[in-house]
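> Can you keep this structure in mind? I'll have questions shortly.
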Amino acid sequence: MTYQHILYDVSEKIATVTLNRPDRMNAWTPIMERDVRHAMEAASADDDVRVIVLTGAGRAFCAGADMEALKGLDPDDIRRAQSLPSFDMNRRPDWQARYAYYPSIPKPVIGMLNGATAGIGLVHALYCDLRFAADNTVFTTAFARRGLIAEHGISWMLPRIVGHANAMDLLMSARRVSSDEALRIGLVNRLYPPDELREQTYAYARDLADFVSPSAIAVIKRQLYDVPFQTLAEATIDANREMLVALGGQDFREGVASFMEKRPPRFTGK
């Protein structure tokens with residue numbers, strides 16, 4: 001597929017999806033929405049991809065929706081988006097919504113936040129599994145200052161990442177949040193100087209790609225995203241069932257053999 005508003009690249013088992021409208025601070029568009037979803041589907045299905053990195057070109061990750069497109073937005077657009085096909089029919093309906101499909105991807109998705117992360121850009125960052133940010137990044141929910149509500153499930157996702165009180169603050173005030181505060185409240189996992197962000201993010205991604213079992217990551221990711229809908233007993237029963245599968249898998253045998261033989265593992269994801 002020829003992408004218009006993103007770049008897509010695969011190297012060393014890492015797929016990189018780059019929002020590519022740097023002249024507009026990667027403002028979100030319907031074309032970008034289509035491009036990102038297609039790229040995520042491609043990376044999810046590619047056996048040569050172990051990790052996905054989502055980032056932005058230029059000085060921003062994503063500064064929110066393109067205001068020119070927003071001015072002419074048809075309110076029925078929200079209803080039409082509900083008819084999108086499921087990302088993975090075998091996952092919970094909760095993870096099939098318009099932007100909430102990232103948890104259905106059986107591979108880690110790292111948001112490499114290289115600058116302004118606002119509005120719909122913040123929504124996408126929250127649906128990433130991990131968020132590494134440049135230490136000059138500024139965050140804002142933005143919605144309330146545009147006369148809009150908490151969109152696209154952010155009212156559910158944000159409290160689970162930063163807690164209810166912090167989510168209430170960030171959503172109601174729509175104020176600007178510094179990277180230091182973002183780290184303190186758990187909005188991001190790690191901060192790096194801008195000139196080190198890429199190197200450090202890819203070092204982490206390569207470590208996952210080279211030394212961690214893909215089958216283990218896929219199950220762990222599903223477990224963690226299913227937990228909000230489970231009791232402790234249900235989570236334990238699920239873990240016991242998955243443990244039986246893992247113990248019979250090739251990755252378990254390889255994990256033990258590589259440890260005993262003091263060599264790098266050669267995981268296959270099986």
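Chain lettering (A, B, ...) mirrors the order of the structure tokens, residue numbering begins at 1 for each chain separately, and ligand numbering begins at 1 in order of display.
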Considering only C-alpha atoms, return as a PyMOL selection string whatever protein or nucleic-acid residues lie within 9 Å of Lys107 in chain A, sequence-local ones (same chain, fewer than 5 positions apart) excluded.

chain A and resi 43-44+49-52+214+217-218+221

> Can you tell me which residues surround Pro103 in chain A at a distance of at most 12 Å, considering only C-alpha atoms, apart from same-chain residues fewer than 2 positions away, and format the answer as a ChimeraX atom specification?

/A:40,44,87-88,91-97,99-101,105-110,124,126-130,157,218-226

> Would you mind listing what lies within 12 Å of Arg206 in chain A as a list of chain:residue names, with only C-alpha atoms counted and same-chain residues fewer than 3 positions away left out?

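Final neighbour list, sorted by chain and number: A:Ser11, A:Glu12, A:Lys13, A:Ile14, A:Ala15, A:Val49, A:Arg50, A:Val51, A:Ile52, A:Val53, A:Pro108, A:Ile110, A:Arg198, A:Glu199, A:Gln200, A:Thr201, A:Tyr202, A:Ala203, A:Ala209, A:Asp210, A:Phe211, A:Val212.
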
> Write out as a PDB file with N, CA and C atoms, in the first residue's frame all residues of range 1-249 of chain A that DSSP puts in strand (DSSP E) for this structure's backbone.


ATOM      1  N   ILE A   6       1.719   8.774   6.479  1.00  0.00           N
ATOM      2  CA  ILE A   6       2.649   8.112   7.395  1.00  0.00           C
ATOM      3  C   ILE A   6       3.817   7.551   6.598  1.00  0.00           C
ATOM      4  N   LEU A   7       4.860   7.161   7.309  1.00  0.00           N
ATOM      5  CA  LEU A   7       5.948   6.360   6.761  1.00  0.00           C
ATOM      6  C   LEU A   7       5.924   5.025   7.477  1.00  0.00           C
ATOM      7  N   TYR A   8       6.276   3.953   6.764  1.00  0.00           N
ATOM      8  CA  TYR A   8       6.285   2.621   7.367  1.00  0.00           C
ATOM      9  C   TYR A   8       7.578   1.921   6.989  1.00  0.00           C
ATOM     10  N   ASP A   9       8.256   1.376   8.003  1.00  0.00           N
ATOM     11  CA  ASP A   9       9.550   0.739   7.764  1.00  0.00           C
ATOM     12  C   ASP A   9       9.708  -0.436   8.723  1.00  0.00           C
ATOM     13  N   VAL A  10      10.353  -1.493   8.234  1.00  0.00           N
ATOM     14  CA  VAL A  10      10.670  -2.645   9.085  1.00  0.00           C
ATOM     15  C   VAL A  10      12.165  -2.901   9.017  1.00  0.00           C
ATOM     16  N   SER A  11      12.808  -2.964  10.181  1.00  0.00           N
ATOM     17  CA  SER A  11      14.238  -3.214  10.250  1.00  0.00           C
ATOM     18  C   SER A  11      14.558  -3.865  11.589  1.00  0.00           C
ATOM     19  N   ILE A  14      11.809  -4.704  13.989  1.00  0.00           N
ATOM     20  CA  ILE A  14      11.044  -3.575  14.540  1.00  0.00           C
ATOM     21  C   ILE A  14      10.347  -2.849  13.399  1.00  0.00           C
ATOM     22  N   ALA A  15       9.033  -2.707  13.503  1.00  0.00           N
ATOM     23  CA  ALA A  15       8.275  -1.915  12.540  1.00  0.00           C
ATOM     24  C   ALA A  15       8.116  -0.508  13.100  1.00  0.00           C
ATOM     25  N   THR A  16       8.406   0.485  12.281  1.00  0.00           N
ATOM     26  CA  THR A  16       8.251   1.878  12.700  1.00  0.00           C
ATOM     27  C   THR A  16       7.152   2.527  11.881  1.00  0.00           C
ATOM     28  N   VAL A  17       6.159   3.061  12.582  1.00  0.00           N
ATOM     29  CA  VAL A  17       5.070   3.811  11.959  1.00  0.00           C
ATOM     30  C   VAL A  17       5.279   5.274  12.341  1.00  0.00           C
ATOM     31  N   THR A  18       5.533   6.117  11.341  1.00  0.00           N
ATOM     32  CA  THR A  18       5.845   7.528  11.592  1.00  0.00           C
ATOM     33  C   THR A  18       4.748   8.414  11.022  1.00  0.00           C
ATOM     34  N   LEU A  19       4.077   9.151  11.887  1.00  0.00           N
ATOM     35  CA  LEU A  19       3.107  10.143  11.426  1.00  0.00           C
ATOM     36  C   LEU A  19       3.885  11.194  10.647  1.00  0.00           C
ATOM     37  N   VAL A  51       8.286  -6.012  17.382  1.00  0.00           N
ATOM     38  CA  VAL A  51       7.955  -4.809  18.150  1.00  0.00           C
ATOM     39  C   VAL A  51       7.530  -3.726  17.171  1.00  0.00           C
ATOM     40  N   ILE A  52       6.595  -2.860  17.604  1.00  0.00           N
ATOM     41  CA  ILE A  52       6.129  -1.739  16.787  1.00  0.00           C
ATOM     42  C   ILE A  52       6.430  -0.439  17.523  1.00  0.00           C
ATOM     43  N   VAL A  53       7.004   0.513  16.820  1.00  0.00           N
ATOM     44  CA  VAL A  53       7.251   1.848  17.372  1.00  0.00           C
ATOM     45  C   VAL A  53       6.395   2.845  16.604  1.00  0.00           C
ATOM     46  N   LEU A  54       5.620   3.638  17.334  1.00  0.00           N
ATOM     47  CA  LEU A  54       4.794   4.693  16.737  1.00  0.00           C
ATOM     48  C   LEU A  54       5.387   6.036  17.131  1.00  0.00           C
ATOM     49  N   THR A  55       5.694   6.879  16.146  1.00  0.00           N
ATOM     50  CA  THR A  55       6.318   8.169  16.424  1.00  0.00           C
ATOM     51  C   THR A  55       5.847   9.208  15.413  1.00  0.00           C
ATOM     52  N   GLY A  56       6.409  10.404  15.508  1.00  0.00           N
ATOM     53  CA  GLY A  56       6.050  11.474  14.590  1.00  0.00           C
ATOM     54  C   GLY A  56       7.283  12.055  13.922  1.00  0.00           C
ATOM     55  N   ALA A  60       7.049  17.260  16.484  1.00  0.00           N
ATOM     56  CA  ALA A  60       5.863  16.876  17.246  1.00  0.00           C
ATOM     57  C   ALA A  60       5.571  15.396  17.056  1.00  0.00           C
ATOM     58  N   PHE A  61       4.903  14.818  18.048  1.00  0.00           N
ATOM     59  CA  PHE A  61       4.330  13.481  17.863  1.00  0.00           C
ATOM     60  C   PHE A  61       3.025  13.639  17.098  1.00  0.00           C
ATOM     61  N   CYS A  62       2.054  14.289  17.707  1.00  0.00           N
ATOM     62  CA  CYS A  62       0.800  14.624  17.035  1.00  0.00           C
ATOM     63  C   CYS A  62       0.129  15.714  17.854  1.00  0.00           C
ATOM     64  N   VAL A 109       3.590  -2.315  21.460  1.00  0.00           N
ATOM     65  CA  VAL A 109       3.558  -1.058  20.714  1.00  0.00           C
ATOM     66  C   VAL A 109       4.133   0.026  21.621  1.00  0.00           C
ATOM     67  N   ILE A 110       5.236   0.622  21.196  1.00  0.00           N
ATOM     68  CA  ILE A 110       5.911   1.660  21.975  1.00  0.00           C
ATOM     69  C   ILE A 110       5.639   3.013  21.328  1.00  0.00           C
ATOM     70  N   GLY A 111       5.080   3.932  22.079  1.00  0.00           N
ATOM     71  CA  GLY A 111       4.914   5.294  21.599  1.00  0.00           C
ATOM     72  C   GLY A 111       6.192   6.068  21.855  1.00  0.00           C
ATOM     73  N   MET A 112       6.876   6.478  20.800  1.00  0.00           N
ATOM     74  CA  MET A 112       8.088   7.300  20.932  1.00  0.00           C
ATOM     75  C   MET A 112       7.660   8.750  20.715  1.00  0.00           C
ATOM     76  N   LEU A 113       7.409   9.443  21.807  1.00  0.00           N
ATOM     77  CA  LEU A 113       6.768  10.760  21.776  1.00  0.00           C
ATOM     78  C   LEU A 113       7.844  11.833  21.685  1.00  0.00           C
ATOM     79  N   ALA A 116       5.173  17.617  20.923  1.00  0.00           N
ATOM     80  CA  ALA A 116       3.791  17.898  21.324  1.00  0.00           C
ATOM     81  C   ALA A 116       2.876  16.695  21.107  1.00  0.00           C
ATOM     82  N   THR A 117       2.138  16.345  22.171  1.00  0.00           N
ATOM     83  CA  THR A 117       1.223  15.211  22.154  1.00  0.00           C
ATOM     84  C   THR A 117      -0.099  15.702  22.720  1.00  0.00           C
ATOM     85  N   ALA A 118      -1.069  15.932  21.842  1.00  0.00           N
ATOM     86  CA  ALA A 118      -2.295  16.615  22.254  1.00  0.00           C
ATOM     87  C   ALA A 118      -3.520  15.972  21.629  1.00  0.00           C
ATOM     88  N   LEU A 130       3.594   1.169  25.889  1.00  0.00           N
ATOM     89  CA  LEU A 130       4.629   1.907  26.611  1.00  0.00           C
ATOM     90  C   LEU A 130       4.783   3.269  25.949  1.00  0.00           C
ATOM     91  N   ARG A 131       5.194   4.261  26.743  1.00  0.00           N
ATOM     92  CA  ARG A 131       5.389   5.603  26.221  1.00  0.00           C
ATOM     93  C   ARG A 131       6.741   6.139  26.676  1.00  0.00           C
ATOM     94  N   PHE A 132       7.640   6.358  25.714  1.00  0.00           N
ATOM     95  CA  PHE A 132       8.934   6.972  25.961  1.00  0.00           C
ATOM     96  C   PHE A 132       8.879   8.359  25.328  1.00  0.00           C
ATOM     97  N   ALA A 133       9.271   9.376  26.071  1.00  0.00           N
ATOM     98  CA  ALA A 133       9.096  10.746  25.588  1.00  0.00           C
ATOM     99  C   ALA A 133      10.374  11.556  25.686  1.00  0.00           C
ATOM    100  N   ALA A 134      10.504  12.523  24.788  1.00  0.00           N
ATOM    101  CA  ALA A 134      11.568  13.523  24.896  1.00  0.00           C
ATOM    102  C   ALA A 134      11.263  14.407  26.098  1.00  0.00           C
ATOM    103  N   VAL A 138       5.414  18.371  25.581  1.00  0.00           N
ATOM    104  CA  VAL A 138       4.277  18.942  26.302  1.00  0.00           C
ATOM    105  C   VAL A 138       3.036  18.143  25.924  1.00  0.00           C
ATOM    106  N   PHE A 139       2.211  17.850  26.929  1.00  0.00           N
ATOM    107  CA  PHE A 139       1.003  17.046  26.735  1.00  0.00           C
ATOM    108  C   PHE A 139      -0.238  17.874  27.082  1.00  0.00           C
ATOM    109  N   THR A 140      -1.341  17.608  26.405  1.00  0.00           N
ATOM    110  CA  THR A 140      -2.624  18.180  26.800  1.00  0.00           C
ATOM    111  C   THR A 140      -3.751  17.348  26.221  1.00  0.00           C
ATOM    112  N   VAL A 177       0.777  19.966  30.196  1.00  0.00           N
ATOM    113  CA  VAL A 177       1.481  19.149  31.176  1.00  0.00           C
ATOM    114  C   VAL A 177       2.916  18.961  30.696  1.00  0.00           C
ATOM    115  N   SER A 178       3.872  19.284  31.547  1.00  0.00           N
ATOM    116  CA  SER A 178       5.286  19.121  31.181  1.00  0.00           C
ATOM    117  C   SER A 178       5.670  17.652  31.202  1.00  0.00           C
ATOM    118  N   ARG A 190       9.248   6.643  30.466  1.00  0.00           N
ATOM    119  CA  ARG A 190      10.625   7.113  30.527  1.00  0.00           C
ATOM    120  C   ARG A 190      10.765   8.433  29.790  1.00  0.00           C
ATOM    121  N   LEU A 191      11.729   9.235  30.241  1.00  0.00           N
ATOM    122  CA  LEU A 191      12.080  10.496  29.577  1.00  0.00           C
ATOM    123  C   LEU A 191      13.541  10.441  29.156  1.00  0.00           C
ATOM    124  N   TYR A 192      13.812  11.035  27.987  1.00  0.00           N
ATOM    125  CA  TYR A 192      15.186  11.133  27.504  1.00  0.00           C
ATOM    126  C   TYR A 192      15.389  12.499  26.861  1.00  0.00           C
TER     127      TYR A 192
END

> Considering only C-alpha atoms, return as a ChimeraX atom specification whatever protein or nucleic-acid residues lie within 7 Å of Arg59 in chain A, sequence-local ones (same chain, fewer than 4 positions apart) excluded.

/A:25,114-115

> For Pro228 in chain A, which of A:Asp23, A:Ala174, A:Arg160, A:Asn189 is the closest residue, counting only C-alpha atoms?

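Residue with the minimum atom-to-atom distance to Pro228 in chain A: A:Arg160.
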
> How far is it from CA of Ala165 in chain A to CA of Phe143 in chain A, in Å with one decimal?

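Distance reported for this atom pair: 17.5 Å.
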
> Could you give me, as a PyMOL selection string, each residue of range 70-268 of chain A that DSSP assigns to alpha helix (DSSP H) when run on this structure's backbone?

chain A and resi 70-71+77-81+120-127+154-162+164-173+179-184+194-211+214-226+232-247+250-260

> So how many Å separate CA of His5 in chain A and CA of Val36 in chain A, to one decimal?

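Between these atoms lies a distance of 8.6 Å.
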
> Considering only C-alpha atoms, state which residue in the set A:Leu208, A:Ala235, A:Leu247, A:Ala125 is at the smallest distance from Ile161 in chain A.

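The answer is A:Ala125, which sits nearest to Ile161 in chain A.
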
> Which residues come within 9 Å of range 29-32 of chain A, counting only C-alpha atoms, excluding same-chain residues fewer than 2 positions away, as a PyMOL selection string?

chain A and resi 3-6+19-20+26-27+34-37+65-66+69-70

> Please produce an output containing N, CA, C and O atoms for each residue in the selection, written as a PDB file, in the first residue's frame.


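File again05.pdb, as written:
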ATOM      1  N   TYR A   3       1.320   4.822   1.303  1.00  0.00           N
ATOM      2  CA  TYR A   3       0.799   5.655   2.386  1.00  0.00           C
ATOM      3  C   TYR A   3       0.959   7.130   2.041  1.00  0.00           C
ATOM      4  O   TYR A   3       1.960   7.531   1.452  1.00  0.00           O
ATOM      5  N   GLN A   4      -0.015   7.939   2.454  1.00  0.00           N
ATOM      6  CA  GLN A   4       0.016   9.372   2.182  1.00  0.00           C
ATOM      7  C   GLN A   4       0.475  10.186   3.387  1.00  0.00           C
ATOM      8  O   GLN A   4       1.205  11.154   3.232  1.00  0.00           O
ATOM      9  N   HIS A   5       0.038   9.797   4.582  1.00  0.00           N
ATOM     10  CA  HIS A   5       0.307  10.622   5.757  1.00  0.00           C
ATOM     11  C   HIS A   5       1.147   9.928   6.822  1.00  0.00           C
ATOM     12  O   HIS A   5       1.262  10.422   7.943  1.00  0.00           O
ATOM     13  N   ILE A   6       1.719   8.774   6.479  1.00  0.00           N
ATOM     14  CA  ILE A   6       2.649   8.112   7.395  1.00  0.00           C
ATOM     15  C   ILE A   6       3.817   7.551   6.598  1.00  0.00           C
ATOM     16  O   ILE A   6       3.760   7.463   5.366  1.00  0.00           O
ATOM     17  N   LEU A  19       4.077   9.151  11.887  1.00  0.00           N
ATOM     18  CA  LEU A  19       3.107  10.143  11.426  1.00  0.00           C
ATOM     19  C   LEU A  19       3.885  11.194  10.647  1.00  0.00           C
ATOM     20  O   LEU A  19       4.839  11.777  11.172  1.00  0.00           O
ATOM     21  N   ASN A  20       3.478  11.454   9.409  1.00  0.00           N
ATOM     22  CA  ASN A  20       4.363  12.211   8.524  1.00  0.00           C
ATOM     23  C   ASN A  20       3.678  13.427   7.900  1.00  0.00           C
ATOM     24  O   ASN A  20       3.499  13.511   6.692  1.00  0.00           O
ATOM     25  N   ASN A  26       2.072  17.023  12.468  1.00  0.00           N
ATOM     26  CA  ASN A  26       1.439  15.704  12.364  1.00  0.00           C
ATOM     27  C   ASN A  26      -0.019  15.719  12.818  1.00  0.00           C
ATOM     28  O   ASN A  26      -0.514  14.754  13.423  1.00  0.00           O
ATOM     29  N   ALA A  27      -0.704  16.811  12.511  1.00  0.00           N
ATOM     30  CA  ALA A  27      -2.127  16.909  12.839  1.00  0.00           C
ATOM     31  C   ALA A  27      -2.889  15.754  12.202  1.00  0.00           C
ATOM     32  O   ALA A  27      -2.653  15.385  11.054  1.00  0.00           O
ATOM     33  N   ARG A  34      -6.628   6.048   8.348  1.00  0.00           N
ATOM     34  CA  ARG A  34      -6.620   4.870   7.482  1.00  0.00           C
ATOM     35  C   ARG A  34      -5.218   4.294   7.354  1.00  0.00           C
ATOM     36  O   ARG A  34      -5.005   3.080   7.446  1.00  0.00           O
ATOM     37  N   ASP A  35      -4.230   5.159   7.161  1.00  0.00           N
ATOM     38  CA  ASP A  35      -2.848   4.710   6.990  1.00  0.00           C
ATOM     39  C   ASP A  35      -2.326   3.997   8.229  1.00  0.00           C
ATOM     40  O   ASP A  35      -1.679   2.941   8.135  1.00  0.00           O
ATOM     41  N   VAL A  36      -2.573   4.579   9.397  1.00  0.00           N
ATOM     42  CA  VAL A  36      -2.062   3.988  10.636  1.00  0.00           C
ATOM     43  C   VAL A  36      -2.696   2.625  10.880  1.00  0.00           C
ATOM     44  O   VAL A  36      -2.008   1.654  11.211  1.00  0.00           O
ATOM     45  N   ARG A  37      -3.997   2.538  10.687  1.00  0.00           N
ATOM     46  CA  ARG A  37      -4.656   1.245  10.914  1.00  0.00           C
ATOM     47  C   ARG A  37      -4.099   0.190   9.957  1.00  0.00           C
ATOM     48  O   ARG A  37      -3.811  -0.941  10.369  1.00  0.00           O
ATOM     49  N   ALA A  65      -6.113  16.932  16.262  1.00  0.00           N
ATOM     50  CA  ALA A  65      -6.821  16.869  14.983  1.00  0.00           C
ATOM     51  C   ALA A  65      -6.499  18.084  14.124  1.00  0.00           C
ATOM     52  O   ALA A  65      -6.277  19.179  14.638  1.00  0.00           O
ATOM     53  N   ASP A  66      -6.458  17.865  12.840  1.00  0.00           N
ATOM     54  CA  ASP A  66      -6.266  18.975  11.904  1.00  0.00           C
ATOM     55  C   ASP A  66      -7.486  19.901  12.000  1.00  0.00           C
ATOM     56  O   ASP A  66      -8.613  19.490  11.725  1.00  0.00           O
ATOM     57  N   ALA A  69      -9.821  20.303   9.010  1.00  0.00           N
ATOM     58  CA  ALA A  69     -10.740  19.180   8.826  1.00  0.00           C
ATOM     59  C   ALA A  69     -11.814  19.186   9.903  1.00  0.00           C
ATOM     60  O   ALA A  69     -12.972  18.835   9.652  1.00  0.00           O
ATOM     61  N   LEU A  70     -11.431  19.601  11.115  1.00  0.00           N
ATOM     62  CA  LEU A  70     -12.372  19.588  12.236  1.00  0.00           C
ATOM     63  C   LEU A  70     -13.506  20.579  12.022  1.00  0.00           C
ATOM     64  O   LEU A  70     -14.650  20.329  12.408  1.00  0.00           O
TER      65      LEU A  70
END

> Between CA of Ala205 in chain A and CA of Asp180 in chain A, what is the spacing in Å?

22.7 Å

> Could you list, as a list in words, every residue within 12 Å of Ala144 in chain A, counting only C-alpha atoms and ignoring same-chain residues fewer than 4 positions away?

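Listing them by chain and then by number gives Ala118, Gly119, Thr140, Leu148, Ile149, Ala150, Glu151, Met168, Asp169, Leu170, Leu171, Met172, Ser173, Ala174 and Arg175 of chain A.
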